[in-house]
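Engineer: This is the structure I want to talk about, given as structure tokens.
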Amino acid sequence: MPTFVYMTRCDGCGHCVDICPSDIMHIDKTTRRAYNIEPNMCWECYSCVKACPHQAIDVRGYADFAPLGHSVRVKRDEEKGVIAWRIKFRNGEKDMELLAPITTKPWGSGTPQLREVDAPSKEQRESQLLFNEPKYIRFDEGDIHTLESNGLEMKQGVNY
Amino acid sequence: MKFDTVIEDDIDILVCGAGLGGTGAAFEARYWGQDKKIVIAEKANIDRSGAVAQGLYAINCYMGTRFGENNPEDHVRYARIDLMGMVREDLLFDMARHVDSTVHQFEEWGLPLMRDPKTGNYLREGRWQIMIHGESYKPIVADAAKKSADKVFNRICVTHLLMDDAKENRVAGAVGFNVRTGNYHVFKSKTVIVAAGGASNIFKPRSVGEGAGRVWYAPWSSGSAYGLLINAGAKMTQMENRIVLARFKDGYGPVGAYFLHLKTYTQNGMGEEYESKWWESLQEIVGKEYLDPEASHLSHRPIPTCLRNHAFIQEVNAGRGPIHMVTMEAFQDPHLEEIGWHNFLGMTVGQAVLWASTDVDPKYENPELTTSEPYVMGSHATGCGAWCSGPSDLSPPEYQWGYNRMTTVEGLFGAGDAVGGTPHAFSSGSFTEGRIAAKAACQYIEDGKAEGIKISDEQIERRKQEVYKPMETYRVFRNEITAGSVNPNYINPRQALDRLQKLMDEYAGGVTVSYMTNEKLLNIGLKKLKMLEEDLEKVAAEDIHELLRAWEIKHRHLTSESVVQHTLFRKETRWPGYYYRGDHMKLDDANWHVLTVSRRDPETGEYTMEKAPLYHLVDVDKDKENAA
């Protein structure tokens, strides 16, 4: 959209520089504040907008097809596990607030440490199973699907 | 060069690129290799990298075997139909039989999966898609990968794979540079899993200025999956199978949830249904076997994506555009309206920005759709990528050489966009492929296949010279001119990208030629690509950021050459709506019911092309053979 940065809010902390997937948020050497160095490589992914601790980054729709006078703002809160959006139309007639969860667990607590789980057996290594399988495939006593179990074969040629 | 060399040695599993495929690989590798050294090298920051950086509102590949919904072979048949028969069914079946265990773990990690309040099952958007609140999909899976990896190197642009100097055709690691410090990084590793991205921005985009960043696939998807593998001499498959997307105009907002969940539909500029009128003429191109609307209607068998694109393109070219998405009915329901907006905010915020800026309220106005410029990738509704080995219990001999998801280079594995012939993997399938590759890589090491690897200092030094050459070129020639970007000795990365996009568009079937090409055009395209390759030796980088762009364009160039070679080789029109061979305007099963496989000789740059047999999954009980 590219993103742009409000002069009075940015303190040059660099959170946006650290997170931008496209490497286009840089610190200006003169003002010591962040700016978008390459707007035509910006995907409007909002990663920098969400990461900014001062709400200093905003988006102005791509100049080649988006007229001025709109606003899509966001606040993402890992502690509360929610993201809040506000969309304002150019004509001022539509103003929407939307809220969505971003996680169901306290942030960072849900993923496992595989160093600490029991090591796989030789049998598991020689099987087609991955971690937590077969249990996590169906949560029943069933095993992994194979050609044999599903009554299938691989046949060469044109088969519709 | 003023940059330091940083060597990371004794790595067992190096993951290059940590989007969904790479995070899956790093995560799973720890289980099968609890004593192994697992390292991630990622161009950006793994919390927000890859195609899922901004989130997803759906997981598009979930079987639901737990709820009795689908079996893996059902998904294989679906992908086969959608890709006009051209898929690796062994790899697809393998991905599909594991993918549910991936999704169930995502839910345990805190990813909010929506549930159907009546049945308690996951809320279905379509037969394969489930709906999620996925704004934080990427940081959640990145957290799992970070816990498994010994080290995560963010901001490393991997430029080349290292090859073993002791044994031919065996991988030995990778090199690249740090996008912040500029330092040269050497990763010496027993195995490498390439999970980098497919390619946006190789065909000229419809947008003309800033909006060139609003590509459908992420602008940072620089075809590095293919650039790295092709340069290492790995065989590639189905690279001609580029994809064109029918999406909301300009913002390229997704349409899946609109069609499937909100039940919106398309019509032409006159408000008429337009698709069915094109089926008869289209049947003459592809045959009734591939397009049978009556059978599709009765069996709910989907009409292939490319063929629906074809109807769209023809209708617009006949002067009855624009094509609209009819949203005004569904959006009267406030609940559906909210889902429609959340769908964009969760994965394509730019579309919401565009509607807000143009006062398009889909409740009172049906938004325009368009067909995009082509993209080259292997995890959405297309299957470009490396020719990889399949699992030992599924794959026929031609598809199997020891280790699951290993390319034709020993010790070099793929996941996600990197693996060819496996469309419709999407996010969950790519993560699953990473898991599969990681287990196989551990097995490869256990079997002693990585013993005795040698990397000469000469190789490391030679690559270093290559890596920084664009900066050296800039330093030497910059002061020959007063100022500006016009220099007779070099081009900058943006100028190179513009040239690549223009020639791919005009010669290889981009939007300005309505996706049409032929042998003559493709040969001219190859000639121009060769000259661009020579000029890319003279690409200049003013700073480290431009050095990143220089290597992205080099990877995009290698990808493009492969696309043109494959398109030239397949003398038929297999996917009308994705591209057309004007000199072979029919689908030709007698000669081309095969997968295309290529290899570029890394020394000479010469291509060799071959056909590989297609195997299909069929029921052992022949009576059921046609059940889809």
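By convention in this document, the chains of the structure tokens carry letters A, B, ... by their order, each chain's residues are numbered from 1, and ligands are numbered from 1 in the order they are shown.
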I'd like the contact shell of Glu542 in chain B - 10 Å cut-off, only C-alpha atoms, skipping same-chain residues fewer than 4 positions apart - returned as a PyMOL selection string.
Structural biologist: chain B and resi 470-475+478+492-493+546-547
Engineer: Output C-alpha atoms of each residue in that selection to a file, as a compact mmCIF listing (two decimals), in the first residue's frame.
Structural biologist:
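Written file, selection_17.txt:
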# COMPACT_ATOMS: atom_id res chain seq x y z
CA PRO B 470 26.97 -7.06 -7.97
CA MET B 471 28.39 -4.75 -5.29
CA GLU B 472 31.83 -4.88 -6.86
CA THR B 473 30.33 -4.04 -10.27
CA TYR B 474 28.59 -1.03 -8.75
CA ARG B 475 31.79 0.14 -7.01
CA ARG B 478 29.35 3.93 -10.53
CA ASN B 492 20.20 -2.46 -11.50
CA PRO B 493 17.97 -5.26 -10.13
CA GLU B 546 19.99 -4.19 -3.57
CA LEU B 547 22.24 -7.23 -3.30
Engineer: Determine, using only C-alpha atoms, which residues of chain B have any atom at most 7 Å from an atom of chain A, and tabulate each with its shortest atom pair and distance in Å to one decimal place, rows ordered by chain and then rising number, as CSV.
Structural biologist:
residue,atom,partner,partner_atom,distance
B:Glu28,CA,A:Phe131,CA,6.9
B:Arg30,CA,A:Leu114,CA,5.9
B:Tyr31,CA,A:Leu114,CA,5.5
B:Trp32,CA,A:Pro120,CA,6.7
B:Gln34,CA,A:Arg115,CA,5.7
B:Ala44,CA,A:Pro21,CA,5.1
B:Asn45,CA,A:Ile19,CA,5.8
B:Arg48,CA,A:Pro21,CA,6.2
B:Ser49,CA,A:Pro21,CA,5.4
B:Gln54,CA,A:Cys45,CA,5.0
B:Thr65,CA,A:Arg138,CA,6.0
B:Arg66,CA,A:Arg138,CA,4.2
B:Arg97,CA,A:His145,CA,6.0
B:His98,CA,A:Ile137,CA,6.7
B:Asp100,CA,A:Ile137,CA,5.3
B:Ser101,CA,A:Ile137,CA,4.3
B:His104,CA,A:Tyr136,CA,6.5
B:Glu108,CA,A:Gly110,CA,6.5
B:Trp109,CA,A:Gly110,CA,4.0
B:Gly110,CA,A:Thr104,CA,4.6
B:Leu111,CA,A:Thr103,CA,5.3
B:Pro112,CA,A:Thr103,CA,5.5
B:His133,CA,A:Ile102,CA,6.2
B:Gly134,CA,A:Ile102,CA,6.5
B:Glu135,CA,A:Ile102,CA,5.8
B:Ser136,CA,A:Ile102,CA,5.5
B:Asp143,CA,A:Thr111,CA,6.8
B:Ala144,CA,A:Thr111,CA,5.3
B:Lys147,CA,A:Gln113,CA,5.9
B:Ser148,CA,A:Leu114,CA,6.4
B:Val208,CA,A:Asp64,CA,6.7
B:Gly209,CA,A:Asp64,CA,5.8
B:Glu210,CA,A:Asn40,CA,4.2
B:Gly211,CA,A:Tyr62,CA,5.1
B:Ala212,CA,A:Asn40,CA,5.3
B:Gly213,CA,A:Met41,CA,4.4
B:Arg214,CA,A:Trp43,CA,5.2
B:Ala218,CA,A:Trp43,CA,6.6
B:Pro219,CA,A:Met41,CA,6.1
B:Trp220,CA,A:Ser22,CA,5.6
B:Glu289,CA,A:Tyr160,CA,6.9
B:Val349,CA,A:Glu44,CA,6.6
B:Gly350,CA,A:Glu44,CA,5.6
B:Val353,CA,A:Val72,CA,6.1
B:Leu354,CA,A:Ala66,CA,5.8
B:Ala356,CA,A:Phe89,CA,4.2
B:Ser357,CA,A:His70,CA,4.9
B:Thr358,CA,A:Pro67,CA,6.3
B:Asp359,CA,A:Phe89,CA,5.8
B:Leu394,CA,A:Leu147,CA,6.8
B:His593,CA,A:Val158,CA,6.7
B:Pro613,CA,A:Gln156,CA,6.8
B:Leu614,CA,A:Gln156,CA,5.7
B:Tyr615,CA,A:Gln156,CA,4.2
B:His616,CA,A:Lys155,CA,5.2
B:Leu617,CA,A:Met154,CA,4.6
B:Val618,CA,A:Glu153,CA,5.5
B:Asp619,CA,A:Leu152,CA,4.5
B:Val620,CA,A:Leu152,CA,5.1
B:Asn626,CA,A:Tyr160,CA,6.5
Engineer: Would you list the contacts of Glu89 in chain B as an MDAnalysis selection string, taking every protein, DNA or RNA residue within 10 Å and counting only C-alpha atoms, but skipping same-chain residues closer than 4 positions in sequence?
Structural biologist: (chainID A and resid 154) or (chainID B and resid 73 75:77 79:80 85 93:95 390 394:395 421:422 614:617)
Engineer: Could you find all residues in chain A that DSSP calls alpha helix (DSSP H) from the backbone, and write them as a compact mmCIF listing (two decimals) with N, CA and C atoms, in the first residue's frame?
Structural biologist:
# COMPACT_ATOMS: atom_id res chain seq x y z
N HIS A 15 11.30 -2.07 15.28
CA HIS A 15 10.49 -3.30 15.28
C HIS A 15 10.00 -3.64 13.86
N CYS A 16 9.65 -2.60 13.11
CA CYS A 16 9.15 -2.81 11.75
C CYS A 16 10.26 -3.33 10.83
N VAL A 17 11.47 -2.80 11.02
CA VAL A 17 12.61 -3.25 10.23
C VAL A 17 12.85 -4.73 10.48
N ASP A 18 12.72 -5.12 11.74
CA ASP A 18 12.99 -6.49 12.14
C ASP A 18 11.98 -7.48 11.57
N ILE A 19 10.74 -7.04 11.38
CA ILE A 19 9.70 -8.01 11.01
C ILE A 19 9.38 -8.01 9.52
N SER A 47 2.38 -6.60 8.53
CA SER A 47 3.25 -7.15 9.59
C SER A 47 3.88 -6.02 10.38
N CYS A 48 4.36 -4.96 9.69
CA CYS A 48 5.01 -3.84 10.37
C CYS A 48 3.99 -3.02 11.16
N VAL A 49 2.80 -2.84 10.58
CA VAL A 49 1.75 -2.07 11.27
C VAL A 49 1.42 -2.73 12.60
N LYS A 50 1.29 -4.07 12.58
CA LYS A 50 0.95 -4.81 13.80
C LYS A 50 2.10 -4.79 14.79
N ALA A 51 3.33 -4.74 14.30
CA ALA A 51 4.50 -4.83 15.18
C ALA A 51 4.85 -3.50 15.83
N LYS A 122 12.72 -48.10 16.90
CA LYS A 122 13.23 -48.54 15.60
C LYS A 122 12.06 -48.85 14.66
N GLU A 123 11.04 -49.45 15.24
CA GLU A 123 9.85 -49.80 14.45
C GLU A 123 9.20 -48.55 13.84
N GLN A 124 9.10 -47.53 14.67
CA GLN A 124 8.51 -46.27 14.17
C GLN A 124 9.36 -45.67 13.07
N ARG A 125 10.69 -45.72 13.27
CA ARG A 125 11.59 -45.17 12.26
C ARG A 125 11.42 -45.85 10.91
N GLU A 126 11.18 -47.17 10.97
CA GLU A 126 11.08 -47.92 9.71
C GLU A 126 9.68 -47.86 9.12
N LYS A 135 -1.98 -41.89 16.04
CA LYS A 135 -3.07 -41.38 16.87
C LYS A 135 -3.70 -40.09 16.30
N TYR A 136 -2.85 -39.13 15.96
CA TYR A 136 -3.38 -37.82 15.59
C TYR A 136 -4.03 -37.76 14.21
N ILE A 137 -3.93 -38.83 13.44
CA ILE A 137 -4.58 -38.78 12.13
C ILE A 137 -6.10 -38.79 12.31
N ARG A 138 -6.58 -39.72 13.15
CA ARG A 138 -8.04 -39.85 13.29
C ARG A 138 -8.52 -39.87 14.75
Engineer: One number please: CA of Leu503 in chain B to CA of Ala418 in chain B, in Å, one decimal.
Structural biologist: 24.2 Å
Engineer: Applying 10 Å and only C-alpha atoms, which residues near Ile40 in chain B remain after dropping the ones on its own chain fewer than 6 positions away? List them as a list in words.
Structural biologist: Ile13, Leu14, Val15, Cys16, Gly17, Ala18, Gly22, Thr23, Ala25, Ala26, Ile46, Ala145, Lys146, Ala149, Asp150, Lys151, Val152, Phe153, Asn154, Ile156, Phe187, Val192 and Ile193 of chain B
Engineer: Could the residues in this selection be written to a file with C-alpha atoms, as a PDB file, in the first residue's frame?
Structural biologist:
ATOM      1  CA  ILE B  13      19.744 -30.751   8.719  1.00  0.00           C
ATOM      2  CA  LEU B  14      19.785 -27.313   7.128  1.00  0.00           C
ATOM      3  CA  VAL B  15      16.379 -25.850   6.300  1.00  0.00           C
ATOM      4  CA  CYS B  16      16.566 -23.171   3.582  1.00  0.00           C
ATOM      5  CA  GLY B  17      13.487 -20.991   3.766  1.00  0.00           C
ATOM      6  CA  ALA B  18      11.084 -21.297   6.690  1.00  0.00           C
ATOM      7  CA  GLY B  22      10.381 -25.126   6.309  1.00  0.00           C
ATOM      8  CA  THR B  23       8.787 -24.734   9.723  1.00  0.00           C
ATOM      9  CA  ALA B  25      10.682 -29.623   8.431  1.00  0.00           C
ATOM     10  CA  ALA B  26      12.481 -28.008  11.380  1.00  0.00           C
ATOM     11  CA  ILE B  46      10.414 -16.579  10.534  1.00  0.00           C
ATOM     12  CA  ALA B 145       9.999 -24.563  14.631  1.00  0.00           C
ATOM     13  CA  LYS B 146      12.036 -22.304  16.917  1.00  0.00           C
ATOM     14  CA  ALA B 149      15.839 -25.824  15.846  1.00  0.00           C
ATOM     15  CA  ASP B 150      19.282 -25.427  17.403  1.00  0.00           C
ATOM     16  CA  LYS B 151      19.743 -22.122  15.632  1.00  0.00           C
ATOM     17  CA  VAL B 152      17.554 -19.852  13.543  1.00  0.00           C
ATOM     18  CA  PHE B 153      19.434 -17.504  11.224  1.00  0.00           C
ATOM     19  CA  ASN B 154      16.978 -14.786  10.238  1.00  0.00           C
ATOM     20  CA  ILE B 156      20.077 -14.754   5.542  1.00  0.00           C
ATOM     21  CA  PHE B 187      26.457 -23.589   6.257  1.00  0.00           C
ATOM     22  CA  VAL B 192      19.556 -29.681   3.030  1.00  0.00           C
ATOM     23  CA  ILE B 193      15.785 -29.277   2.869  1.00  0.00           C
TER      24      ILE B 193
END
Engineer: Quick check for you: according to DSSP on this backbone, which residues of range 79-145 of chain A are classed as strand (DSSP E)? Reply as a list of chain:residue names.
Structural biologist: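 Listing strand (DSSP E) positions across range 79-145 of chain A yields A:Val82, A:Ile83, A:Ala84, A:Trp85, A:Arg86, A:Ile87, A:Lys88, A:Asp95, A:Met96, A:Glu97, A:Leu98, A:Leu99, A:Ala100, A:Pro101.
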Engineer: As an exercise, work out the distance from CA of Ser430 in chain B to CA of Leu161 in chain B in Å and give it to one decimal place.
Structural biologist: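 Answer for the CA of Ser430 in chain B to CA of Leu161 in chain B separation: 21.3 Å.
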Engineer: Between CA of Leu595 in chain B and CA of Pro302 in chain B, what is the spacing in Å?
Structural biologist: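 Straight-line distance from CA of Pro302 in chain B to CA of Leu595 in chain B works out to 22.4 Å.
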Engineer: Tell me which of B:Leu369, B:Ala41, B:Cys442, B:Met84 sits closest to Tyr290 in chain B, counting only C-alpha atoms.
Structural biologist: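 Distance minimum relative to Tyr290 in chain B lands on B:Met84.
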Engineer: Tell me which protein, DNA and RNA residues are within 7 Å of range 331-345 of chain B, counting only C-alpha atoms, leaving out same-chain ones fewer than 5 positions away, and put them as a PDB file with C-alpha atoms, in the first residue's frame.
Structural biologist:
ATOM      1  CA  TYR B  57      -8.584 -17.426   6.895  1.00  0.00           C
ATOM      2  CA  GLY B 253      -8.530 -10.765  -2.665  1.00  0.00           C
ATOM      3  CA  TYR B 258     -17.045 -16.233  -1.298  1.00  0.00           C
ATOM      4  CA  LEU B 262     -21.010 -17.262   1.147  1.00  0.00           C
ATOM      5  CA  GLN B 351      -8.506  -5.928  -0.748  1.00  0.00           C
ATOM      6  CA  ALA B 352     -10.292  -4.359   2.222  1.00  0.00           C
ATOM      7  CA  PRO B 362     -20.397  -5.502  -1.598  1.00  0.00           C
ATOM      8  CA  LYS B 363     -23.770  -5.271   0.121  1.00  0.00           C
TER       9      LYS B 363
END
Engineer: Leaving out Tyr444 in chain B and any residue of its chain fewer than 6 positions from it, which residues lie within 8 Å of it when counting only C-alpha atoms, given as number ranges by chain?
Structural biologist: B: 403, 411, 450
Engineer: Could you take the residues named above and write them with N, CA and C atoms, as a compact mmCIF listing (two decimals), in the first residue's frame?
Structural biologist:
# COMPACT_ATOMS: atom_id res chain seq x y z
N TYR B 403 14.74 -42.18 -0.78
CA TYR B 403 14.30 -41.34 0.33
C TYR B 403 13.16 -40.43 -0.09
N GLY B 411 20.94 -36.23 -0.79
CA GLY B 411 20.93 -35.44 0.44
C GLY B 411 20.17 -34.12 0.33
N ALA B 450 25.71 -39.75 4.34
CA ALA B 450 26.33 -38.43 4.31
C ALA B 450 27.78 -38.47 4.80
